[in-house]
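Contents: one structure, followed by commentary.
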Amino acid sequence: MNLREFLSNHLILLDGGMGTLLQAEGLAVGELPERLNLTAPDTVTAIHRAYYEAGCHVVNTNTFGANILKFSKEELAAVIEAAVRNAQTARDTADGDGPKWIALDIGPTGRMLEPYGDLPFEEAVAVFAETVRLGVRCGVDLIFIETMNDSYETKAALLAAKENSDLPVWVSNAYGEDGKLMTGATPLAMVAMLEGMGADAIGLNCSLGPAALAPVVEEYLAHASVPVLCKPNAGLPRVIDGKTVYDVLPEAFAETLADLVKKGLRLVGGCCGTTPAYLAALKKRVEAIPPCPILSKEETVISSYTHAVRFGKQPLLIGERINPTGKKRFKEALRAADMDYIVGEGIAQQEKGAHILDVNVGLPEIDEVAMLTDAVLRLQAVSDLPLQIDTSSPEAMASALRRYNGKALINSVNGTEESMRLVFPLAKRYGGVIIALTLDEKGIPPTAEGRLAIAKRIVEEASRYGIAKKDLVFDPLALTISADNRAAIETLRAVRLIREQLGCHTSLGVSNVSFGLPDRDTINSTFFAMALSNGLSAAILNPNSTAMQKVYHAYLALNGLDENCRDYLTFAESLPQPAAVIEAKPQAAEAVDGDSALKTAVLRGLKERAARLTAERLASVPPLSVVEEEIIPALDTVGVGFENRTVYLPQLLMSAEAAGAAFEVIKQAMSDRKAADKCRVVLATVKGDIHDIGKNIVKLLLENYGFAVTDLGRDVAPEAVAEAVCACRAPLVGLSALMTTTVPSMANTIAVLRREAPWCKIMVGGAVLTQEYADAIGADFYGKDAMEAVRYAERIQKALTE
């Protein structure tokens with residue numbers, strides 16, 4: 001039976017946890033679960049068989065961590081071949097009727113991708129691709145990418161799956177208690193990106209129990225046009241009589257998921273702590289529930305790595321300043337590869353309220369492919385706004401779209417056969433909303449009806465590539481009224497006709513209308529107001545124009561889009577005297593709200609600028625004052641924002657990198673000063689666990705706060721941790737674990753430390769831990785995130801100096 005066809009008309013029951021069952025069968029502390037495919041195939045096969053016999057349609061191979069970062073190429077091939085064979089044996093020998101499929105299970109690498117970590121994007125794609133190719137060769141039925149807590153790594157895995165197979169691909173992310181991924185992505189941001197790239201089913205797993213994840217499921221159901229899946233944990237883990245147990249029992253687990261199935265959930269199963277008994281209870285609850293139809297939500301959505309932006313809710317402002325056209329200084333920056341200037345332009349526009357940043361770096365004398373890709377990466381490192389990738393080069397477009405973290409706005413396609421042939425495949429492959437210009441081989445039609453006709457042809461051609469109408473935004477092209485006094489009238493008519501007859505959104509480069517005329521801002525702002533009144537969805541403009549901002553905020557207030565006129569009042573208070581166009585300058589981001597330029601650079605995560613400003617400050621300010629009055633306060637500000645969930649992990653890491661660059665300059669100026677002036681902290685990811693993202697984040701922050709850090713790395717034996725602590729008599733050690741199967745190793749490490757280094761305080765962290773669990777295994781402190789670890793280290797330091 002065809003899996004895609006079955007999914008379109010049926011509810012699919014997925015399997016449950018694997019690691020907790022392997023532990024119950026004797027998985028040794030520190031032993032890699034994937035190796036059991038070779039050393040204990042009967043055990044793995046029996047677990048798969050039990051899930052099939054509980055009524056599951058799909059089981060995941062025991063390959064969650066099987067990749068070339070953990071295994072040699074030869075062993076990886078053997079592990080995956082054995083894993084698929086075990087699942088096939090279970091399928092062939094299981095009792096019960098009904099279809100049975102095998103999914104190649106792919107989990108995260110355990111490393112963070114650049115720029116926040118050390119794993120290059122293309123290397124991550126290659127890691128996942130190797131696993132995919134092996135699984136496909138062995139005969140799996142689909143690819144299941146799961147437990148991803150970073151949107152960029154999710155994209156790398158999905159690209160690898162799509163580029164190396166034609167099998168169905170299901171993608172599941174791990175959300176925290178705040179309803180976001182570790183790196184800040186919202187559910188709608190992930191829906192936008194994953195649907196755009198062609199995932200067959202999307203959803204969430206792990207982290208929490210079904211009730212806690214229900215709000216995220218409902219958000220997926222509200223926006224997704226593809227089937228939604230959910231595999232929750234059996235609640236949160238606890239230790240009773242030395243054994244790990246979970247606090248949600250099978251019946252309660254099944255009841256909550258059954259309620260979500262009634263709301264539209266199409267694929268259901270379990271993750272950590274669930275067993276065949278949970279799936280049997282779930283089958284009993286849901287088998288009589290008719291599946292809800294899967295409907296297209298017809299939403300035009302783009303996204304960054306943190307959030308989505310929807311067209312139609314209110315008019316959107318697209319900042320136009322990252323573009324060399326008519327900008328001498330910007331051209332100089334491009335020729336000099338002055339990315340600091342380019343990034344500054346982006347930050348300045350974001351501060352002025354832009355929702356999207358247009359990025360155009362097209363100059364004949366530069367390498368546009370490399371420059372556009374670099375500009376996209378650098379902007380995404382410091383700004384969470386979605387980007388409009390603006391180029392006429394298919395090569396540059398392909399490179400930038402591949403590396404973009406989210407679902408981009410693509411500028412542009414037009415009605416010529418060549419343009420559609422080049423751009424539509426890129427949009428289909430990488431996802432994106434496409435700006436479609438209403439021109440063709442004959443040029444720009446003089447009438448609104450002519451532009452509407454081109455728009456209709458573009459919609460028809462896009463559908464042949466599998467691109468929905470909702471992913472097209474039309475630009476009916478504003479032409480200068482100095483050459484044609486009806487130009488503005490026809491453009492405005494086209495905006496209205498496209499909206500009324502095609503149901504599509506529109507965008508305009510507003511400032512084109514005034515070309516060749518004096519006092520352009522007056523013409524531009526009036527035309528902008530007229531366009532908004534005709535239903536314009538988005539405008540490419542200068543966000544630093546006071547005249548444009550006046551029109552925009554007044555329009556929102558007058559159309560009931562600004563509750564109690566709050567935004568208008570805030571804007572009015574900020575108006576300069578006299579009102580004028582303020583030219584955008586990167587220096588606008590040098591200082592914000594009374595903070596020094598250096599503090600602002602650290603807050604913004606501008607590494608090069610922070611280093612330059614530190615060198616300048618040291619000419620007149622003592623090094624210690626720079627540290628205590630500017631760098632540390634900036635880190636504290638970002639840290640508080642992170643703790644309050646107003647700042648997310650990428651911003652935290654980039655600020656830490658900027659602070660690190662500033663510290664390096666200070667160290668060079670103070671060669672006699674110690675590299676660290678606080679106590680030593682030993683860090684390690686426990687035996688059997690190769691995931692060190694959390695540990696690395698803690699290390700980076702601790703070092704920036706002046707602590708000396710000994711990083712033992714990943715997969716560290718308890719004895720090695722104790723030896724390192726004793727060697728430097730460290731007063732504090734931090735232990736990390738991501739996988740359920742490695743928590744016993746953490747408990748063993750704590751026991752060894754209590755025996756060998758009783759003076760040492762122990763802090764623990766990781767996705768599978770809770771305060772109750774940390775208390776049960778004897779830890780002194782449980783940190784939910786990296787900043788909590790820093791705060792605890794500060795308390796230890798204070799106690800040492802009192």
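The chains in the structure tokens are called A, B, ... from first to last as shown; in each chain the residues are counted from 1, and the ligands are counted from 1 in the order shown.
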Set out as JSON lines a contact list for stretch 120-172 of chain A and stretch 75-92 of chain A with a cut-off of 12 Å, giving each residue of stretch 120-172 of chain A that qualifies its closest atom pair and distance in Å to one decimal, counting only C-alpha atoms, ordered by chain and rising residue number.
{"residue": "A:Val127", "atom": "CA", "partner": "A:Leu76", "partner_atom": "CA", "distance": 11.2}
{"residue": "A:Phe128", "atom": "CA", "partner": "A:Leu76", "partner_atom": "CA", "distance": 11.9}
{"residue": "A:Glu130", "atom": "CA", "partner": "A:Leu76", "partner_atom": "CA", "distance": 9.1}
{"residue": "A:Thr131", "atom": "CA", "partner": "A:Ile80", "partner_atom": "CA", "distance": 7.9}
{"residue": "A:Val132", "atom": "CA", "partner": "A:Ile80", "partner_atom": "CA", "distance": 9.8}
{"residue": "A:Arg133", "atom": "CA", "partner": "A:Ala77", "partner_atom": "CA", "distance": 9.8}
{"residue": "A:Leu134", "atom": "CA", "partner": "A:Ala77", "partner_atom": "CA", "distance": 6.4}
{"residue": "A:Gly135", "atom": "CA", "partner": "A:Ile80", "partner_atom": "CA", "distance": 6.5}
{"residue": "A:Val136", "atom": "CA", "partner": "A:Val84", "partner_atom": "CA", "distance": 9.8}
{"residue": "A:Arg137", "atom": "CA", "partner": "A:Glu81", "partner_atom": "CA", "distance": 8.7}
{"residue": "A:Cys138", "atom": "CA", "partner": "A:Glu81", "partner_atom": "CA", "distance": 6.0}
{"residue": "A:Gly139", "atom": "CA", "partner": "A:Val84", "partner_atom": "CA", "distance": 7.5}
{"residue": "A:Val140", "atom": "CA", "partner": "A:Val84", "partner_atom": "CA", "distance": 6.9}
{"residue": "A:Asp141", "atom": "CA", "partner": "A:Val84", "partner_atom": "CA", "distance": 10.2}
{"residue": "A:Leu142", "atom": "CA", "partner": "A:Val84", "partner_atom": "CA", "distance": 11.7}
Can you pull out every residue within 10 Å of A:Val228, counting only C-alpha atoms, but drop anything in the same chain fewer than 2 positions away, and send it as number ranges by chain? A: 170-172, 191, 200-204, 217-218, 220-221, 224-226, 230, 261, 264-268, 294
Nearest residue to A:Cys679 from the set A:Phe707, A:Phe663, A:Phe6, A:Tyr773 (distances using only C-alpha atoms): A:Phe707
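Across the structure, atom CA of A:Val382 and atom CA of A:Lys599 are spaced 14.7 Å apart.
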Leaving out A:Tyr568 and any residue of its chain fewer than 4 positions from it, which residues lie within 7 Å of it when counting only C-alpha atoms, given as a PyMOL selection string? chain A and resi 553-554+557+572
Write to file, as a short mmCIF file (atom, residue, chain, number, x, y, z; two decimals), in the first residue's frame, the residues of the selection just made, with all heavy atoms.
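Full text of part34.cif as output:
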data_model
loop_
_atom_site.label_atom_id
_atom_site.label_comp_id
_atom_site.auth_asym_id
_atom_site.auth_seq_id
_atom_site.Cartn_x
_atom_site.Cartn_y
_atom_site.Cartn_z
N HIS A 553 1.80 54.79 10.08
CA HIS A 553 1.19 54.72 11.41
C HIS A 553 -0.20 55.34 11.42
O HIS A 553 -1.10 54.86 12.12
CB HIS A 553 2.11 55.39 12.43
CG HIS A 553 3.31 54.57 12.77
ND1 HIS A 553 3.25 53.49 13.60
CD2 HIS A 553 4.60 54.67 12.37
CE1 HIS A 553 4.45 52.95 13.71
NE2 HIS A 553 5.28 53.64 12.96
N ALA A 554 -0.39 56.39 10.65
CA ALA A 554 -1.72 56.99 10.56
C ALA A 554 -2.70 56.01 9.90
O ALA A 554 -3.86 55.88 10.33
CB ALA A 554 -1.66 58.30 9.78
N ALA A 557 -3.76 53.33 12.38
CA ALA A 557 -4.68 53.86 13.38
C ALA A 557 -6.07 54.08 12.80
O ALA A 557 -7.09 53.75 13.42
CB ALA A 557 -4.12 55.16 13.96
N ALA A 572 4.56 59.06 17.47
CA ALA A 572 4.45 60.52 17.50
C ALA A 572 5.42 61.13 18.51
O ALA A 572 6.00 62.20 18.28
CB ALA A 572 3.02 60.93 17.83
#
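Note that atom CA of A:Leu452 and atom CA of A:Gln501 are 8.6 Å apart.
Taking atom CA of A:Val665 and atom CA of A:Asp711 as the two end points, the separation is 23.1 Å.
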Please, which residues of stretch 625-765 of chain A, numbered as in this document, come out strand (DSSP E or B) from DSSP, as a list of chain:residue names? A:Arg680, A:Val681, A:Val682, A:Leu683, A:Ala684, A:Thr685, A:Val686, A:Ala708, A:Val709, A:Thr710, A:Asp711, A:Val716, A:Leu732, A:Val733, A:Gly734, A:Leu735, A:Ser736, A:Lys761, A:Ile762, A:Met763, A:Val764, A:Gly765
Contacts of A:Cys272 within 10 Å, only C-alpha atoms, excl. fewer than 2 positions in-chain, as a CSV table (one decimal) with N, CA, C and O atoms, in the first residue's frame:
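File produced: result-v2.csv:
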chain,number,residue,atom,x,y,z
A,16,GLY,N,6.6,4.1,20.0
A,16,GLY,CA,7.0,4.8,21.2
A,16,GLY,C,8.5,4.9,21.4
A,16,GLY,O,9.3,4.8,20.5
A,17,GLY,N,8.8,5.0,22.7
A,17,GLY,CA,10.2,5.1,23.1
A,17,GLY,C,11.1,3.9,22.8
A,17,GLY,O,10.6,2.7,22.8
A,18,MET,N,12.3,4.1,22.5
A,18,MET,CA,13.3,3.0,22.3
A,18,MET,C,14.3,2.9,23.4
A,18,MET,O,14.6,1.9,24.0
A,19,GLY,N,14.9,4.1,23.7
A,19,GLY,CA,16.0,4.1,24.7
A,19,GLY,C,15.6,3.6,26.1
A,19,GLY,O,16.4,2.8,26.7
A,20,THR,N,14.4,4.0,26.5
A,20,THR,CA,14.0,3.5,27.9
A,20,THR,C,13.8,2.0,27.9
A,20,THR,O,14.1,1.4,28.9
A,21,LEU,N,13.3,1.5,26.8
A,21,LEU,CA,13.1,0.0,26.8
A,21,LEU,C,14.5,-0.7,26.7
A,21,LEU,O,14.6,-1.8,27.3
A,205,ASN,N,7.9,16.3,18.9
A,205,ASN,CA,8.1,15.1,19.7
A,205,ASN,C,9.0,15.5,20.9
A,205,ASN,O,9.6,16.5,20.9
A,206,CYS,N,9.0,14.6,21.9
A,206,CYS,CA,9.9,14.6,23.0
A,206,CYS,C,9.6,15.9,23.9
A,206,CYS,O,8.5,16.4,23.9
A,207,SER,N,10.6,16.2,24.7
A,207,SER,CA,10.5,17.4,25.6
A,207,SER,C,9.6,17.3,26.8
A,207,SER,O,9.9,17.3,27.9
A,208,LEU,N,8.3,17.2,26.4
A,208,LEU,CA,7.2,17.3,27.5
A,208,LEU,C,6.1,16.2,27.2
A,208,LEU,O,6.1,15.5,26.2
A,209,GLY,N,5.2,16.2,28.1
A,209,GLY,CA,4.0,15.3,28.0
A,209,GLY,C,3.0,15.8,27.1
A,209,GLY,O,3.1,17.0,26.6
A,231,LYS,N,4.5,13.1,19.0
A,231,LYS,CA,5.0,12.0,19.8
A,231,LYS,C,5.5,12.5,21.1
A,231,LYS,O,6.7,12.7,21.3
A,232,PRO,N,4.6,12.7,22.1
A,232,PRO,CA,5.1,13.3,23.3
A,232,PRO,C,5.8,12.3,24.2
A,232,PRO,O,5.7,11.1,24.0
A,233,ASN,N,6.5,12.8,25.2
A,233,ASN,CA,7.0,12.0,26.3
A,233,ASN,C,5.8,11.5,27.2
A,233,ASN,O,4.8,12.1,27.2
A,234,ALA,N,6.1,10.6,28.0
A,234,ALA,CA,5.1,10.1,29.0
A,234,ALA,C,5.3,11.0,30.2
A,234,ALA,O,5.4,10.6,31.4
A,235,GLY,N,5.2,12.4,30.0
A,235,GLY,CA,5.4,13.3,31.0
A,235,GLY,C,6.8,13.6,31.4
A,235,GLY,O,7.7,13.5,30.5
A,236,LEU,N,7.1,13.9,32.6
A,236,LEU,CA,8.5,14.2,33.1
A,236,LEU,C,9.0,13.0,33.9
A,236,LEU,O,8.3,12.3,34.6
A,237,PRO,N,10.4,12.8,33.8
A,237,PRO,CA,11.0,11.7,34.5
A,237,PRO,C,11.1,11.9,36.0
A,237,PRO,O,11.4,13.1,36.4
A,246,TYR,N,8.0,7.8,34.7
A,246,TYR,CA,7.4,9.0,34.1
A,246,TYR,C,6.0,9.2,34.7
A,246,TYR,O,5.4,8.2,35.1
A,270,GLY,N,4.5,8.0,20.6
A,270,GLY,CA,5.1,8.4,21.9
A,270,GLY,C,6.6,8.5,21.7
A,270,GLY,O,7.2,8.1,20.8
A,274,THR,N,7.5,6.1,26.9
A,274,THR,CA,6.4,5.4,26.4
A,274,THR,C,6.8,4.0,26.0
A,274,THR,O,7.9,3.8,25.6
A,275,THR,N,5.8,3.1,26.1
A,275,THR,CA,6.1,1.7,25.8
A,275,THR,C,5.0,1.1,24.9
A,275,THR,O,4.0,1.8,24.6
A,739,MET,N,20.5,12.7,26.3
A,739,MET,CA,19.8,11.5,26.0
A,739,MET,C,19.3,10.8,27.3
A,739,MET,O,20.0,10.8,28.3
A,740,THR,N,18.1,10.3,27.3
A,740,THR,CA,17.5,9.6,28.4
A,740,THR,C,18.4,8.4,28.8
A,740,THR,O,18.6,8.2,30.0
A,741,THR,N,19.0,7.8,27.9
A,741,THR,CA,19.8,6.6,28.2
A,741,THR,C,21.1,6.9,28.9
A,741,THR,O,21.8,6.0,29.4
A,768,VAL,N,16.8,16.2,29.2
A,768,VAL,CA,16.0,15.2,29.8
A,768,VAL,C,15.9,15.4,31.3
A,768,VAL,O,15.3,14.6,32.0
Step one, run DSSP on the backbone; step two, keep only residues of stretch 318-519 of chain A assigned to helix (DSSP H, G or I); then write them as a PyMOL selection string. chain A and resi 328-335+339-351+368-382+394-403+417-430+448-464+469-471+487-502+510-514
Name the residues in contact with A:Glu417 at a cut-off of 12 Å, using only C-alpha atoms, excluding same-chain residues fewer than 6 positions from it; report them as an MDAnalysis selection string. chainID A and resid 423:424 439:442 454 457:458 461:462
